[in-house]
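**Q** Sharing a structure below in C-alpha cells format, with a few things to ask.
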Amino acid sequence: RGKLKVGDADILRQYYGKTICHKRDVVRRLACESYAPLLRKCVDKGLKRHLMRTVKALAGSLANAVSVEKGDDGEDVKQTMTNSMRRARSDAIDGVSSLLFEIARGAPGRVHSKKGRLVVRSLMDCLISYCSDDSSTSVTADVNRADAVYEVASQFL
C-alpha cells in the first residue's frame with residue numbers, strides 16, 4: 001500500500017475540479033466518493049496543504065464572483081448575483097464540503113482515524129487565517145472569503 005507523494009494531491013485537483021462542482025448532485029456525490037480514497041492515501045503534510053489550497057481557492061473565486069463597486073455617492077454597492085451564479089456558488093460549496101466529508105468519513109458512525117482530524121484541523125486553520133488576517137488590502141474581499149470558508153465548514157460539520 002503506497003502513499004502518494006506531497007505533490008500528487010495537487011495533480012488530482014485538475015481532474016476532480018469540474019466534477020465536484022457539477023450542477024447535478026449525483027455527479028458531485030459520485031466524484032467525492034471516488035476521489036476521497038485517493039486523497040486519503042496522501043501523506044498528511046501533502047493532504048493538509050492540498051486541502052487548505054482547495055478551500056482557499058474556492059473562497060477566492062467565490063469572493064471575486066461577488067464584487068463590490070463604488071456607487072455614485074461613493075458608498076460600496078454589492079452587485080446582485082444572478083440565479084445561475086447563486087446556483088454555481090451553492091454547487092461549489094456543496095461539492096467541496098462533500099469532498100471534505102468523504103475524506104473524513106471512516107467506518108459507519110465514526111471519523112477516519114487520522115485523516116478525519118486532519119481535515120477538521122485544515123478547515124479550522126483556513127477559518128482562523130481569514131478571521132485573523134489584518135494585513136489585507138481589501139476588507140470586503142476578505143469578509144467574502146471568510147463567509148465562503150464558513151459556509152463550507154458549516155456544511156461539512
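Quick note on naming: the chains in the C-alpha cells go A, B, ... in the order shown, residues restart at 1 in each chain, and ligands are numbered from 1 in order of appearance.
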Leaving out Arg40 of chain A and any residue of its chain fewer than 2 positions from it, which residues lie within 12 Å of it when counting only C-alpha atoms, given as a ChimeraX atom specification?

**A** /A:1-5,8-9,32-38,42-48,50-51,99-106,112-119

**Q** Quick one: everything within 12 Å of Cys126 of chain A, counting only C-alpha atoms, minus sequence neighbours fewer than 3 positions away in the same chain. Send it as an MDAnalysis selection string.

**A** chainID A and resid 48:60 119:123 129:133 142 145:150 152:153

**Q** Please run DSSP on the backbone and report, as number ranges by chain, all residues within segment 5-75 of chain A that come out as helix (DSSP H, G or I).

**A** A: 8-20, 25-40, 44-65

**Q** With N, CA and C atoms retained, export the selected residues as a compact mmCIF listing (two decimals), in the first residue's frame.

**A**
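So the final result, stored in selection-v2.txt, reads:
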```
# COMPACT_ATOMS: atom_id res chain seq x y z
N ASP A 8 1.41 14.98 -5.33
CA ASP A 8 0.43 14.22 -6.10
C ASP A 8 -1.00 14.67 -5.88
N ALA A 9 -1.30 15.17 -4.70
CA ALA A 9 -2.66 15.61 -4.43
C ALA A 9 -3.02 16.82 -5.29
N ASP A 10 -2.06 17.69 -5.55
CA ASP A 10 -2.32 18.86 -6.39
C ASP A 10 -2.58 18.46 -7.84
N ILE A 11 -1.98 17.37 -8.27
CA ILE A 11 -2.21 16.88 -9.63
C ILE A 11 -3.65 16.40 -9.78
N LEU A 12 -4.20 15.82 -8.73
CA LEU A 12 -5.57 15.31 -8.79
C LEU A 12 -6.60 16.42 -8.93
N ARG A 13 -6.28 17.62 -8.45
CA ARG A 13 -7.26 18.71 -8.47
C ARG A 13 -7.75 19.04 -9.87
N GLN A 14 -6.88 18.93 -10.88
CA GLN A 14 -7.31 19.25 -12.23
C GLN A 14 -8.37 18.27 -12.73
N TYR A 15 -8.40 17.07 -12.17
CA TYR A 15 -9.39 16.08 -12.59
C TYR A 15 -10.70 16.21 -11.83
N TYR A 16 -10.62 16.47 -10.53
CA TYR A 16 -11.87 16.50 -9.79
C TYR A 16 -12.49 17.88 -9.68
N GLY A 17 -11.81 18.91 -10.12
CA GLY A 17 -12.34 20.26 -10.00
C GLY A 17 -13.67 20.45 -10.70
N LYS A 18 -13.80 19.93 -11.90
CA LYS A 18 -15.03 20.10 -12.66
C LYS A 18 -16.15 19.19 -12.17
N THR A 19 -15.79 18.04 -11.62
CA THR A 19 -16.83 17.10 -11.23
C THR A 19 -17.40 17.38 -9.84
N ILE A 20 -16.59 17.85 -8.90
CA ILE A 20 -17.16 18.10 -7.57
C ILE A 20 -17.98 19.39 -7.53
N ASP A 25 -26.35 16.83 -8.51
CA ASP A 25 -25.96 16.33 -7.20
C ASP A 25 -25.34 14.94 -7.27
N VAL A 26 -25.88 14.09 -8.12
CA VAL A 26 -25.38 12.72 -8.22
C VAL A 26 -23.94 12.69 -8.75
N VAL A 27 -23.60 13.60 -9.64
CA VAL A 27 -22.24 13.67 -10.17
C VAL A 27 -21.28 14.13 -9.08
N ARG A 28 -21.69 15.16 -8.32
CA ARG A 28 -20.86 15.64 -7.21
C ARG A 28 -20.63 14.55 -6.18
N ARG A 29 -21.69 13.86 -5.81
CA ARG A 29 -21.58 12.82 -4.79
C ARG A 29 -20.68 11.68 -5.25
N LEU A 30 -20.86 11.23 -6.48
CA LEU A 30 -20.05 10.14 -7.01
C LEU A 30 -18.58 10.55 -7.11
N ALA A 31 -18.33 11.79 -7.55
CA ALA A 31 -16.95 12.27 -7.64
C ALA A 31 -16.28 12.32 -6.27
N CYS A 32 -17.01 12.81 -5.29
CA CYS A 32 -16.44 12.91 -3.94
C CYS A 32 -16.17 11.53 -3.36
N GLU A 33 -17.08 10.59 -3.58
CA GLU A 33 -16.87 9.24 -3.09
C GLU A 33 -15.73 8.54 -3.82
N SER A 34 -15.47 8.93 -5.05
CA SER A 34 -14.40 8.30 -5.84
C SER A 34 -13.03 8.87 -5.52
N TYR A 35 -12.93 10.18 -5.35
CA TYR A 35 -11.64 10.80 -5.14
C TYR A 35 -11.18 10.77 -3.68
N ALA A 36 -12.10 10.61 -2.74
CA ALA A 36 -11.73 10.62 -1.33
C ALA A 36 -10.74 9.51 -0.97
N PRO A 37 -10.92 8.25 -1.41
CA PRO A 37 -9.92 7.24 -1.06
C PRO A 37 -8.54 7.54 -1.63
N LEU A 38 -8.49 8.15 -2.80
CA LEU A 38 -7.19 8.52 -3.36
C LEU A 38 -6.51 9.60 -2.52
N LEU A 39 -7.30 10.58 -2.09
CA LEU A 39 -6.73 11.65 -1.29
C LEU A 39 -6.35 11.17 0.11
N ARG A 40 -7.07 10.18 0.64
CA ARG A 40 -6.71 9.63 1.95
C ARG A 40 -5.35 8.94 1.92
N ASP A 44 0.22 13.02 5.24
CA ASP A 44 -0.52 14.03 5.99
C ASP A 44 -0.15 15.46 5.61
N LYS A 45 1.13 15.71 5.48
CA LYS A 45 1.58 17.07 5.16
C LYS A 45 1.05 17.53 3.80
N GLY A 46 1.13 16.64 2.82
CA GLY A 46 0.65 16.98 1.48
C GLY A 46 -0.86 17.14 1.42
N LEU A 47 -1.58 16.29 2.16
CA LEU A 47 -3.04 16.39 2.16
C LEU A 47 -3.49 17.68 2.84
N LYS A 48 -2.86 18.03 3.96
CA LYS A 48 -3.25 19.26 4.65
C LYS A 48 -3.00 20.47 3.75
N ARG A 49 -1.84 20.51 3.12
CA ARG A 49 -1.53 21.63 2.22
C ARG A 49 -2.52 21.68 1.05
N HIS A 50 -2.86 20.52 0.52
CA HIS A 50 -3.79 20.46 -0.60
C HIS A 50 -5.19 20.92 -0.19
N LEU A 51 -5.65 20.47 0.96
CA LEU A 51 -6.99 20.86 1.42
C LEU A 51 -7.07 22.36 1.68
N MET A 52 -6.03 22.92 2.28
CA MET A 52 -6.04 24.36 2.54
C MET A 52 -6.02 25.14 1.23
N ARG A 53 -5.25 24.67 0.26
CA ARG A 53 -5.23 25.34 -1.05
C ARG A 53 -6.58 25.25 -1.75
N THR A 54 -7.22 24.10 -1.64
CA THR A 54 -8.51 23.90 -2.29
C THR A 54 -9.57 24.81 -1.68
N VAL A 55 -9.63 24.87 -0.35
CA VAL A 55 -10.64 25.70 0.31
C VAL A 55 -10.35 27.18 0.06
N LYS A 56 -9.08 27.57 0.10
CA LYS A 56 -8.74 28.97 -0.15
C LYS A 56 -8.99 29.36 -1.60
N ALA A 57 -8.75 28.44 -2.54
CA ALA A 57 -9.04 28.74 -3.95
C ALA A 57 -10.54 28.90 -4.16
N LEU A 58 -11.33 28.05 -3.53
CA LEU A 58 -12.78 28.19 -3.61
C LEU A 58 -13.23 29.51 -3.01
N ALA A 59 -12.70 29.84 -1.85
CA ALA A 59 -13.07 31.09 -1.20
C ALA A 59 -12.69 32.29 -2.05
N GLY A 60 -11.52 32.24 -2.66
CA GLY A 60 -11.08 33.35 -3.51
C GLY A 60 -11.94 33.51 -4.74
N SER A 61 -12.29 32.40 -5.37
CA SER A 61 -13.12 32.51 -6.57
C SER A 61 -14.53 32.96 -6.24
N LEU A 62 -15.06 32.52 -5.11
CA LEU A 62 -16.40 32.97 -4.72
C LEU A 62 -16.40 34.42 -4.28
N ALA A 63 -15.32 34.86 -3.65
CA ALA A 63 -15.23 36.26 -3.25
C ALA A 63 -15.11 37.16 -4.47
N ASN A 64 -14.42 36.71 -5.49
CA ASN A 64 -14.31 37.50 -6.72
C ASN A 64 -15.62 37.54 -7.48
N ALA A 65 -16.44 36.51 -7.33
CA ALA A 65 -17.73 36.48 -8.02
C ALA A 65 -18.68 37.53 -7.44
```
